[in-house]
Every structure is written in C-alpha cells, then in structure tokens.
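See below for target-v3.cif, which holds mmCIF, N, CA and C atoms.
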data_work
#
loop_
_atom_site.label_atom_id
_atom_site.label_comp_id
_atom_site.auth_asym_id
_atom_site.auth_seq_id
_atom_site.Cartn_x
_atom_site.Cartn_y
_atom_site.Cartn_z
N THR W 686 131.52 179.14 215.72
CA THR W 686 131.75 178.29 216.87
C THR W 686 131.86 176.84 216.41
N PRO W 687 132.92 176.16 216.77
CA PRO W 687 133.06 174.76 216.38
C PRO W 687 132.00 173.89 217.06
N VAL W 688 131.54 172.89 216.34
CA VAL W 688 130.57 171.94 216.88
C VAL W 688 131.31 170.62 217.10
N ARG W 689 131.25 170.12 218.31
CA ARG W 689 131.88 168.84 218.63
C ARG W 689 130.81 167.76 218.63
N PRO W 690 131.14 166.56 218.09
CA PRO W 690 130.15 165.48 218.06
C PRO W 690 129.52 165.18 219.42
N GLY W 691 130.28 165.31 220.49
CA GLY W 691 129.75 165.04 221.82
C GLY W 691 128.67 166.01 222.25
N ASP W 692 128.59 167.15 221.57
CA ASP W 692 127.56 168.15 221.87
C ASP W 692 126.27 167.90 221.11
N LEU W 693 126.30 166.95 220.19
CA LEU W 693 125.15 166.70 219.32
C LEU W 693 124.25 165.59 219.84
N LYS W 694 122.99 165.69 219.53
CA LYS W 694 122.03 164.61 219.78
C LYS W 694 122.14 163.61 218.63
N ALA W 695 122.03 164.12 217.43
CA ALA W 695 122.08 163.29 216.23
C ALA W 695 122.20 164.22 215.02
N ILE W 696 122.58 163.63 213.91
CA ILE W 696 122.54 164.34 212.64
C ILE W 696 121.47 163.66 211.81
N PHE W 697 120.48 164.44 211.40
CA PHE W 697 119.37 163.91 210.61
C PHE W 697 119.61 164.25 209.14
N PHE W 698 119.79 163.23 208.33
CA PHE W 698 119.95 163.41 206.89
C PHE W 698 118.55 163.36 206.28
N VAL W 699 118.06 164.52 205.85
CA VAL W 699 116.67 164.64 205.41
C VAL W 699 116.54 164.62 203.90
N ARG W 700 115.36 164.22 203.45
CA ARG W 700 115.06 164.19 202.02
C ARG W 700 114.61 165.57 201.52
N ASN W 701 113.92 166.32 202.39
CA ASN W 701 113.34 167.60 202.02
C ASN W 701 113.57 168.58 203.17
N LEU W 702 114.15 169.72 202.89
CA LEU W 702 114.47 170.67 203.96
C LEU W 702 113.25 171.33 204.57
N GLU W 703 112.12 171.37 203.86
CA GLU W 703 110.91 171.96 204.42
C GLU W 703 110.27 171.04 205.45
N GLY W 704 110.27 169.74 205.20
CA GLY W 704 109.65 168.80 206.13
C GLY W 704 108.16 169.03 206.25
N ASN W 705 107.54 168.34 207.20
CA ASN W 705 106.10 168.47 207.46
C ASN W 705 105.88 168.18 208.94
N SER W 706 105.76 169.23 209.73
CA SER W 706 105.65 169.06 211.19
C SER W 706 104.37 168.35 211.61
N ASP W 707 103.37 168.28 210.73
CA ASP W 707 102.12 167.59 211.06
C ASP W 707 102.19 166.09 210.81
N ARG W 708 103.16 165.64 210.06
CA ARG W 708 103.26 164.23 209.70
C ARG W 708 103.87 163.43 210.84
N GLN W 709 103.31 162.26 211.09
CA GLN W 709 103.84 161.33 212.09
C GLN W 709 104.39 160.10 211.37
N ASP W 710 105.64 159.76 211.64
CA ASP W 710 106.21 158.56 211.04
C ASP W 710 105.51 157.32 211.58
N ARG W 711 105.33 156.35 210.71
CA ARG W 711 104.76 155.06 211.13
C ARG W 711 105.86 154.26 211.84
N MET W 712 105.57 153.82 213.04
CA MET W 712 106.55 153.04 213.79
C MET W 712 106.37 151.55 213.56
N ASP W 713 105.24 151.17 212.95
CA ASP W 713 104.96 149.75 212.76
C ASP W 713 105.40 149.24 211.39
N ALA W 714 105.96 150.11 210.56
CA ALA W 714 106.39 149.70 209.22
C ALA W 714 107.56 148.73 209.33
N ALA W 715 107.56 147.74 208.46
CA ALA W 715 108.66 146.77 208.40
C ALA W 715 109.44 146.98 207.12
N ARG W 716 110.75 146.96 207.23
CA ARG W 716 111.62 147.12 206.07
C ARG W 716 112.62 145.98 206.05
N GLU W 717 112.84 145.43 204.90
CA GLU W 717 113.74 144.28 204.75
C GLU W 717 115.18 144.72 204.53
N GLY W 718 116.10 143.94 205.09
CA GLY W 718 117.52 144.09 204.80
C GLY W 718 118.23 145.26 205.43
N LEU W 719 117.63 145.89 206.43
CA LEU W 719 118.27 147.05 207.05
C LEU W 719 118.90 146.75 208.40
N GLY W 720 118.69 145.55 208.93
CA GLY W 720 119.30 145.21 210.21
C GLY W 720 118.27 144.90 211.28
N THR W 721 118.61 145.22 212.51
CA THR W 721 117.78 144.95 213.68
C THR W 721 116.87 146.13 213.98
N LYS W 722 115.57 145.86 214.15
CA LYS W 722 114.61 146.93 214.46
C LYS W 722 114.73 147.29 215.94
N VAL W 723 114.86 148.58 216.22
CA VAL W 723 115.03 149.07 217.59
C VAL W 723 114.22 150.33 217.82
N SER W 724 114.00 150.61 219.08
CA SER W 724 113.43 151.87 219.53
C SER W 724 114.55 152.63 220.24
N VAL W 725 114.84 153.84 219.80
CA VAL W 725 115.88 154.66 220.42
C VAL W 725 115.19 155.82 221.13
N THR W 726 115.38 155.91 222.45
CA THR W 726 114.84 157.02 223.23
C THR W 726 116.00 157.93 223.61
N PHE W 727 115.88 159.19 223.23
CA PHE W 727 116.91 160.17 223.54
C PHE W 727 116.69 160.73 224.94
N ARG W 728 117.69 161.40 225.46
CA ARG W 728 117.61 162.00 226.80
C ARG W 728 116.51 163.06 226.90
N ASP W 729 116.11 163.65 225.76
CA ASP W 729 115.02 164.63 225.78
C ASP W 729 113.65 163.96 225.62
N ASP W 730 113.62 162.62 225.70
CA ASP W 730 112.42 161.77 225.63
C ASP W 730 111.82 161.64 224.24
N GLU W 731 112.48 162.13 223.20
CA GLU W 731 112.04 161.83 221.84
C GLU W 731 112.38 160.37 221.55
N THR W 732 111.46 159.66 220.92
CA THR W 732 111.69 158.26 220.56
C THR W 732 111.59 158.11 219.05
N VAL W 733 112.55 157.39 218.49
CA VAL W 733 112.58 157.10 217.06
C VAL W 733 112.69 155.60 216.89
N VAL W 734 111.87 155.03 216.01
CA VAL W 734 111.94 153.61 215.70
C VAL W 734 112.60 153.44 214.35
N GLY W 735 113.55 152.53 214.30
CA GLY W 735 114.25 152.30 213.04
C GLY W 735 115.10 151.05 213.11
N TYR W 736 116.02 150.97 212.18
CA TYR W 736 116.86 149.79 212.03
C TYR W 736 118.33 150.15 212.18
N ILE W 737 119.04 149.34 212.97
CA ILE W 737 120.48 149.48 213.13
C ILE W 737 121.12 148.38 212.28
N PRO W 738 122.05 148.75 211.40
CA PRO W 738 122.71 147.73 210.58
C PRO W 738 123.44 146.70 211.45
N VAL W 739 123.41 145.48 211.01
CA VAL W 739 124.11 144.39 211.69
C VAL W 739 125.16 143.87 210.73
N PRO W 740 126.41 143.66 211.12
CA PRO W 740 126.89 143.77 212.50
C PRO W 740 126.98 145.22 212.96
N TRP W 741 126.91 145.38 214.28
CA TRP W 741 127.01 146.68 214.92
C TRP W 741 128.36 147.28 214.53
N ASN W 742 128.35 148.50 214.03
CA ASN W 742 129.59 149.10 213.55
C ASN W 742 129.58 150.61 213.81
N PRO W 743 129.74 151.01 215.09
CA PRO W 743 129.73 152.45 215.38
C PRO W 743 130.93 153.14 214.75
N THR W 744 130.80 154.43 214.48
CA THR W 744 131.89 155.21 213.92
C THR W 744 132.95 155.45 214.99
N ALA W 745 134.05 156.06 214.61
CA ALA W 745 135.15 156.30 215.54
C ALA W 745 134.72 157.11 216.76
N ASP W 746 133.74 158.01 216.59
CA ASP W 746 133.28 158.82 217.72
C ASP W 746 132.12 158.16 218.47
N GLY W 747 131.82 156.89 218.13
CA GLY W 747 130.79 156.14 218.84
C GLY W 747 129.40 156.26 218.25
N ALA W 748 129.23 157.13 217.26
CA ALA W 748 127.90 157.29 216.65
C ALA W 748 127.50 156.02 215.91
N PHE W 749 126.20 155.83 215.77
CA PHE W 749 125.70 154.71 214.98
C PHE W 749 124.59 155.19 214.07
N TYR W 750 124.39 154.45 212.99
CA TYR W 750 123.38 154.83 212.01
C TYR W 750 122.06 154.16 212.31
N LEU W 751 120.99 154.92 212.15
CA LEU W 751 119.64 154.43 212.35
C LEU W 751 118.83 154.78 211.10
N PHE W 752 118.24 153.76 210.48
CA PHE W 752 117.39 153.95 209.31
C PHE W 752 115.94 153.92 209.78
N PRO W 753 115.19 155.01 209.61
CA PRO W 753 113.81 155.07 210.10
C PRO W 753 112.96 153.90 209.60
N ALA W 754 112.08 153.41 210.47
CA ALA W 754 111.20 152.30 210.11
C ALA W 754 110.25 152.69 208.98
N ASP W 755 109.79 153.92 208.98
CA ASP W 755 108.86 154.38 207.96
C ASP W 755 109.63 154.73 206.68
N PRO W 756 109.41 153.99 205.59
CA PRO W 756 110.14 154.28 204.36
C PRO W 756 109.79 155.65 203.77
N ASN W 757 108.69 156.24 204.21
CA ASN W 757 108.29 157.57 203.73
C ASN W 757 108.70 158.69 204.68
N SER W 758 109.50 158.37 205.68
CA SER W 758 109.99 159.39 206.62
C SER W 758 110.79 160.44 205.86
N ASN W 759 110.75 161.66 206.32
CA ASN W 759 111.59 162.70 205.73
C ASN W 759 113.06 162.45 206.09
N ASN W 760 113.32 161.68 207.13
CA ASN W 760 114.69 161.33 207.50
C ASN W 760 115.13 160.12 206.70
N ALA W 761 116.18 160.28 205.89
CA ALA W 761 116.70 159.15 205.13
C ALA W 761 117.52 158.25 206.04
N VAL W 762 118.34 158.85 206.88
CA VAL W 762 119.16 158.13 207.85
C VAL W 762 119.50 159.11 208.97
N ILE W 763 119.73 158.56 210.16
CA ILE W 763 120.06 159.38 211.33
C ILE W 763 121.37 158.87 211.90
N SER W 764 122.32 159.76 212.11
CA SER W 764 123.56 159.41 212.78
C SER W 764 123.38 159.80 214.25
N VAL W 765 123.29 158.80 215.11
CA VAL W 765 122.95 159.00 216.52
C VAL W 765 124.21 159.01 217.37
N TYR W 766 124.33 160.00 218.25
CA TYR W 766 125.47 160.09 219.15
C TYR W 766 125.08 159.50 220.51
N PRO W 767 125.85 158.52 220.99
CA PRO W 767 125.46 157.76 222.19
C PRO W 767 125.26 158.59 223.45
N ALA W 768 125.95 159.70 223.60
CA ALA W 768 125.78 160.51 224.81
C ALA W 768 124.37 161.08 224.91
N SER W 769 123.66 161.14 223.78
CA SER W 769 122.31 161.70 223.77
C SER W 769 121.22 160.65 223.98
N VAL W 770 121.63 159.38 224.12
CA VAL W 770 120.67 158.27 224.17
C VAL W 770 120.40 157.84 225.60
N LYS W 771 119.11 157.74 225.93
CA LYS W 771 118.68 157.21 227.23
C LYS W 771 118.62 155.69 227.18
N LYS W 772 118.02 155.14 226.09
CA LYS W 772 117.96 153.68 225.97
C LYS W 772 117.72 153.27 224.53
N VAL W 773 118.17 152.06 224.22
CA VAL W 773 117.93 151.41 222.93
C VAL W 773 117.31 150.06 223.24
N GLU W 774 116.14 149.82 222.67
CA GLU W 774 115.44 148.56 222.93
C GLU W 774 115.18 147.83 221.61
N PRO W 775 115.55 146.54 221.53
CA PRO W 775 115.22 145.77 220.33
C PRO W 775 113.72 145.55 220.24
N LEU W 776 113.20 145.56 219.02
CA LEU W 776 111.78 145.34 218.77
C LEU W 776 111.61 144.14 217.84
N SER W 777 110.48 143.48 217.95
CA SER W 777 110.20 142.41 216.99
C SER W 777 109.68 143.05 215.72
N THR W 778 109.98 142.44 214.60
CA THR W 778 109.54 143.01 213.31
C THR W 778 108.18 142.53 212.93
#

For the structure just supplied, provide its representation as structure tokens.
Amino acid sequence: TPVRPGDLKAIFFVRNLEGNSDRQDRMDAAREGLGTKVSVTFRDDETVVGYIPVPWNPTADGAFYLFPADPNSNNAVISVYPASVKKVEPLST
C-alpha cells in the first residue's frame, strides 16, 4: 500500500531501533546553533520540544524539520507533516 505524506504524522529518524520506552526526553535542554526552540503539539496531543532551523524552510510537501531539544534523544531529527500539527509555540531558550 502506498504511503502518502499527507497520511503521516511525522517521520522519526532514530539513532537506535530498539529505543527505550521508559526514557523521557529532557525538554529543558538547550542546544546551540539549531534554530528557534519550539513546542510542537500534534493532533493526538503528543508534544515534542525541539528546534526548527531558521530561516524557516519547509519541504515541497510542507514538512519541516525538528531537532529534539534533548541531545541524548533517540530521535536524531523529526520530519513533521503540518496536517498532523495542532499548534507550534515558540519557547525561550
């Protein structure tokens, strides 16, 4: 079955396929040089804190990249599809 980007919430590029379901990413971590710190809340109410590169440069299908705030996150980068987003809020670093 073909997968269309509009059907996706996001694509999570992970460091380790096993992951750790007990681990909680730190949302208060600060990282230099990654852009603007934001909170992204998806329509399913999952919230991810990370950095959006500046200048804003969405892909042709409207997706944007989010780098997790926690440098030790299993997610290296997340490609977020806008149809899955409830809100994006800028955060102070």

Residues within 6.5 Å of (112.4, 152.8, 226.9), file coordinates, counting only N, CA and C atoms: what are they? Give the list as a compact mmCIF listing (two decimals) with N, CA and C atoms, keeping the file's coordinate frame.
# COMPACT_ATOMS: atom_id res chain seq x y z
N THR W 726 115.38 155.91 222.45
CA THR W 726 114.84 157.02 223.23
C THR W 726 116.00 157.93 223.61
N LYS W 772 118.02 155.14 226.09
CA LYS W 772 117.96 153.68 225.97
C LYS W 772 117.72 153.27 224.53
N VAL W 773 118.17 152.06 224.22
CA VAL W 773 117.93 151.41 222.93
C VAL W 773 117.31 150.06 223.24
N GLU W 774 116.14 149.82 222.67
CA GLU W 774 115.44 148.56 222.93
C GLU W 774 115.18 147.83 221.61

### Task
To one decimal in Å, tell me the separation between atom N of Ala768 (chain W) and atom N of Arg716 (chain W).
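A separation of 25.7 Å between them.
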
Selected by the PyMOL selection byres ((chain W and resi 710) around 8) in the shown coordinates: which residues, as a compact mmCIF listing (two decimals) with N, CA and C atoms, in the coordinates of the input?
# COMPACT_ATOMS: atom_id res chain seq x y z
N ASP W 707 103.37 168.28 210.73
CA ASP W 707 102.12 167.59 211.06
C ASP W 707 102.19 166.09 210.81
N ARG W 708 103.16 165.64 210.06
CA ARG W 708 103.26 164.23 209.70
C ARG W 708 103.87 163.43 210.84
N GLN W 709 103.31 162.26 211.09
CA GLN W 709 103.84 161.33 212.09
C GLN W 709 104.39 160.10 211.37
N ARG W 711 105.33 156.35 210.71
CA ARG W 711 104.76 155.06 211.13
C ARG W 711 105.86 154.26 211.84
N MET W 712 105.57 153.82 213.04
CA MET W 712 106.55 153.04 213.79
C MET W 712 106.37 151.55 213.56
N ASP W 713 105.24 151.17 212.95
CA ASP W 713 104.96 149.75 212.76
C ASP W 713 105.40 149.24 211.39
N ALA W 714 105.96 150.11 210.56
CA ALA W 714 106.39 149.70 209.22
C ALA W 714 107.56 148.73 209.33
N ALA W 754 112.08 153.41 210.47
CA ALA W 754 111.20 152.30 210.11
C ALA W 754 110.25 152.69 208.98
N ASP W 755 109.79 153.92 208.98
CA ASP W 755 108.86 154.38 207.96
C ASP W 755 109.63 154.73 206.68
N PRO W 756 109.41 153.99 205.59
CA PRO W 756 110.14 154.28 204.36
C PRO W 756 109.79 155.65 203.77
N ASN W 757 108.69 156.24 204.21
CA ASN W 757 108.29 157.57 203.73
C ASN W 757 108.70 158.69 204.68
N SER W 758 109.50 158.37 205.68
CA SER W 758 109.99 159.39 206.62
C SER W 758 110.79 160.44 205.86
N ASN W 759 110.75 161.66 206.32
CA ASN W 759 111.59 162.70 205.73
C ASN W 759 113.06 162.45 206.09

### Message
With the PyMOL selection byres ((chain W and resi 720) around 7) as the selection, what would be picked from this file? Answer as a VMD selection string, please.
### Response
chain W and resid 716 to 719 721 to 722 736 to 739

Just need the box for region 697-702 of chain W, edges along x, y and z, holding every atom the file lists for it with 3 Å tacked onto each side, so centre and edge lengths in Å to one decimal, as AutoDock Vina command-line options.
--center_x 116.9 --center_y 167.3 --center_z 206.5 --size_x 13.2 --size_y 14.1 --size_z 15.9

### Task
Run DSSP on the backbone and grab whatever in chain W lands in strand (DSSP E or B); send it over as a VMD selection string.
chain W and resid 695 to 699 721 to 727 732 to 737 749 to 753 760 to 765 770 to 775

Dump N, CA and C atoms for the selected residues as a CSV table (one decimal), in the coordinates of the input?
chain,number,residue,atom,x,y,z
W,695,ALA,N,122.0,164.1,217.4
W,695,ALA,CA,122.1,163.3,216.2
W,695,ALA,C,122.2,164.2,215.0
W,696,ILE,N,122.6,163.6,213.9
W,696,ILE,CA,122.5,164.3,212.6
W,696,ILE,C,121.5,163.7,211.8
W,697,PHE,N,120.5,164.4,211.4
W,697,PHE,CA,119.4,163.9,210.6
W,697,PHE,C,119.6,164.2,209.1
W,698,PHE,N,119.8,163.2,208.3
W,698,PHE,CA,120.0,163.4,206.9
W,698,PHE,C,118.6,163.4,206.3
W,699,VAL,N,118.1,164.5,205.8
W,699,VAL,CA,116.7,164.6,205.4
W,699,VAL,C,116.5,164.6,203.9
W,721,THR,N,118.6,145.2,212.5
W,721,THR,CA,117.8,145.0,213.7
W,721,THR,C,116.9,146.1,214.0
W,722,LYS,N,115.6,145.9,214.2
W,722,LYS,CA,114.6,146.9,214.5
W,722,LYS,C,114.7,147.3,215.9
W,723,VAL,N,114.9,148.6,216.2
W,723,VAL,CA,115.0,149.1,217.6
W,723,VAL,C,114.2,150.3,217.8
W,724,SER,N,114.0,150.6,219.1
W,724,SER,CA,113.4,151.9,219.5
W,724,SER,C,114.6,152.6,220.2
W,725,VAL,N,114.8,153.8,219.8
W,725,VAL,CA,115.9,154.7,220.4
W,725,VAL,C,115.2,155.8,221.1
W,726,THR,N,115.4,155.9,222.4
W,726,THR,CA,114.8,157.0,223.2
W,726,THR,C,116.0,157.9,223.6
W,727,PHE,N,115.9,159.2,223.2
W,727,PHE,CA,116.9,160.2,223.5
W,727,PHE,C,116.7,160.7,224.9
W,732,THR,N,111.5,159.7,220.9
W,732,THR,CA,111.7,158.3,220.6
W,732,THR,C,111.6,158.1,219.0
W,733,VAL,N,112.6,157.4,218.5
W,733,VAL,CA,112.6,157.1,217.1
W,733,VAL,C,112.7,155.6,216.9
W,734,VAL,N,111.9,155.0,216.0
W,734,VAL,CA,111.9,153.6,215.7
W,734,VAL,C,112.6,153.4,214.4
W,735,GLY,N,113.6,152.5,214.3
W,735,GLY,CA,114.2,152.3,213.0
W,735,GLY,C,115.1,151.0,213.1
W,736,TYR,N,116.0,151.0,212.2
W,736,TYR,CA,116.9,149.8,212.0
W,736,TYR,C,118.3,150.2,212.2
W,737,ILE,N,119.0,149.3,213.0
W,737,ILE,CA,120.5,149.5,213.1
W,737,ILE,C,121.1,148.4,212.3
W,749,PHE,N,126.2,155.8,215.8
W,749,PHE,CA,125.7,154.7,215.0
W,749,PHE,C,124.6,155.2,214.1
W,750,TYR,N,124.4,154.4,213.0
W,750,TYR,CA,123.4,154.8,212.0
W,750,TYR,C,122.1,154.2,212.3
W,751,LEU,N,121.0,154.9,212.2
W,751,LEU,CA,119.6,154.4,212.4
W,751,LEU,C,118.8,154.8,211.1
W,752,PHE,N,118.2,153.8,210.5
W,752,PHE,CA,117.4,154.0,209.3
W,752,PHE,C,115.9,153.9,209.8
W,753,PRO,N,115.2,155.0,209.6
W,753,PRO,CA,113.8,155.1,210.1
W,753,PRO,C,113.0,153.9,209.6
W,760,ASN,N,113.3,161.7,207.1
W,760,ASN,CA,114.7,161.3,207.5
W,760,ASN,C,115.1,160.1,206.7
W,761,ALA,N,116.2,160.3,205.9
W,761,ALA,CA,116.7,159.2,205.1
W,761,ALA,C,117.5,158.2,206.0
W,762,VAL,N,118.3,158.8,206.9
W,762,VAL,CA,119.2,158.1,207.8
W,762,VAL,C,119.5,159.1,209.0
W,763,ILE,N,119.7,158.6,210.2
W,763,ILE,CA,120.1,159.4,211.3
W,763,ILE,C,121.4,158.9,211.9
W,764,SER,N,122.3,159.8,212.1
W,764,SER,CA,123.6,159.4,212.8
W,764,SER,C,123.4,159.8,214.2
W,765,VAL,N,123.3,158.8,215.1
W,765,VAL,CA,123.0,159.0,216.5
W,765,VAL,C,124.2,159.0,217.4
W,770,VAL,N,121.6,159.4,224.1
W,770,VAL,CA,120.7,158.3,224.2
W,770,VAL,C,120.4,157.8,225.6
W,771,LYS,N,119.1,157.7,225.9
W,771,LYS,CA,118.7,157.2,227.2
W,771,LYS,C,118.6,155.7,227.2
W,772,LYS,N,118.0,155.1,226.1
W,772,LYS,CA,118.0,153.7,226.0
W,772,LYS,C,117.7,153.3,224.5
W,773,VAL,N,118.2,152.1,224.2
W,773,VAL,CA,117.9,151.4,222.9
W,773,VAL,C,117.3,150.1,223.2
W,774,GLU,N,116.1,149.8,222.7
W,774,GLU,CA,115.4,148.6,222.9
W,774,GLU,C,115.2,147.8,221.6
W,775,PRO,N,115.6,146.5,221.5
W,775,PRO,CA,115.2,145.8,220.3
W,775,PRO,C,113.7,145.6,220.2

### Task
Starting from the point (131.3, 164.6, 219.2), work out which residues of protein, DNA or RNA have an atom no more than 10 Å away when counting only C-alpha atoms; state them as JSON, numbers by chain.
{"W": [688, 689, 690, 691, 692, 693, 694, 695, 745, 746, 747, 748, 766, 767, 768]}

### Task
Would you work out the distance separating atom C of Val733 (chain W) from CA of Pro687 (chain W), expressed in Å to one decimal?
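According to the coordinates, atom C of Val733 (chain W) and CA of Pro687 (chain W) are separated by 28.0 Å.
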
### Query
What separation in Å, quoted to one decimal, exists between atom N of Pro775 (chain W) and atom N of Pro740 (chain W)?
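We find that atom N of Pro775 (chain W) and atom N of Pro740 (chain W) lie 15.3 Å from each other.
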
### Task
Fewer than 5 positions away in the same chain doesn't count, so skip those; otherwise give me all residues within 8 Å of Asp729 (chain W), counting only N, CA and C atoms, as a list in words.
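That gives Ser769, Val770 and Lys771 of chain W.
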
### Task
May I ask which of the residues W:Glu731, W:Ser777, W:Ala761, W:Val723 is the closest one to Gly704 (chain W), counting only C-alpha atoms?
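Using only C-alpha atoms, Gly704 (chain W) sits closest to W:Ala761.
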